[in-house]
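In what follows, a single structure is set out as structure tokens and then discussed.
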Amino acid sequence: MLVSDLILSFTPPAILVVIAIIFVRRKLHREFVFFFVYVLYSVTFGLLPEAVVGRPFLFFWLYWITDAVYGILGLLVLREVFHRVFALPYAMYRWFHFLLPITVSTILSISMCEMAYHPLGRGAVGRGVSAVYWFDLGVHALEGTILVLVVGLTLVFPVAWRQHEFGILTGFGISACVTMLADLLRFVDGSTYETFFRYGPPIAYVLASLIWLHAFLQRPQKQPRAQMELEEMLAIIRHSRELLEKIKRGAGWRHALAPPV
């Protein structure tokens, strides 16, 4: 194994160990339970497939099993942080409560369909690999989409930047986008983009780990802006309602998208 491969393999676990220590010392594991579990899992099992790379059968099973668990934990972390970041839309719009469950249900449905109709191999193993592959792809797409929503939220609405939550989403989003891009380029022309396919996702995960470390090294704001004054909250609601009404008029919808304030 090349020195660069070793560095890319061992750097994220080393950074995540530091994050885990910060979590324990500051008792953040009580606030971000699933992200803390994700960090511990990454440190404990992240290098397991690499440790058995010389044993193809064991490597195959460990790779796909750990990958499936990564996807499940990623969804749990997204759900944990999503409610915090989008607290205002949750309070304003009833349909927003169904957005994440419907998206997750769609990801699972696509995975099951691909498992049934387009297995990546013969028998139960091929079907299982297909399900995990498409499930992970759906989770990556969700992570990238939520990152775009977060950026849009901060640009459209005058809400404060919650450093821990936004740091988690930014790290996941960047890693997911680079991974999906590498898969796409490999699918289009694998030989040309082999280097990017091999090193792009690991480098992006190192960057994600550094983003998480930076977010949790700093103390959070003393007064989170979730505790807003009534006038400020109403101003944000009016602003968002005006924006949605413009979208409604442009699309030709008849019914109001937001309740009157």
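Chain labels run A, B, ... following the order of the structure tokens; each chain numbers its residues from 1, and ligands are numbered from 1 in the order shown.
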
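Taking only C-alpha atoms, the non-local environment of Val81 in chain A within 10 Å (same-chain residues fewer than 5 positions away omitted) comprises Phe32, Phe34, Phe35, Leu76, Phe86, Ala87, His164, Glu165, Phe166, Ile168 and Leu169 of chain A.
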
Practice prompt. Using only C-alpha atoms, pick whichever of A:Pro202, A:Gly144, A:Gly46, A:Gly123 has the shortest atom-to-atom distance to Val69 in chain A.
Written response: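 When distances to Val69 in chain A are compared using only C-alpha atoms, the smallest one comes from A:Gly46.
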
Worksheet item: Of the residues A:Glu194, A:Ser209, A:Arg84, A:Arg219, which is the one nearest to Ile19 in chain A, using only C-alpha atoms?
Response: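 Among the listed residues, A:Ser209 lies closest to Ile19 in chain A.
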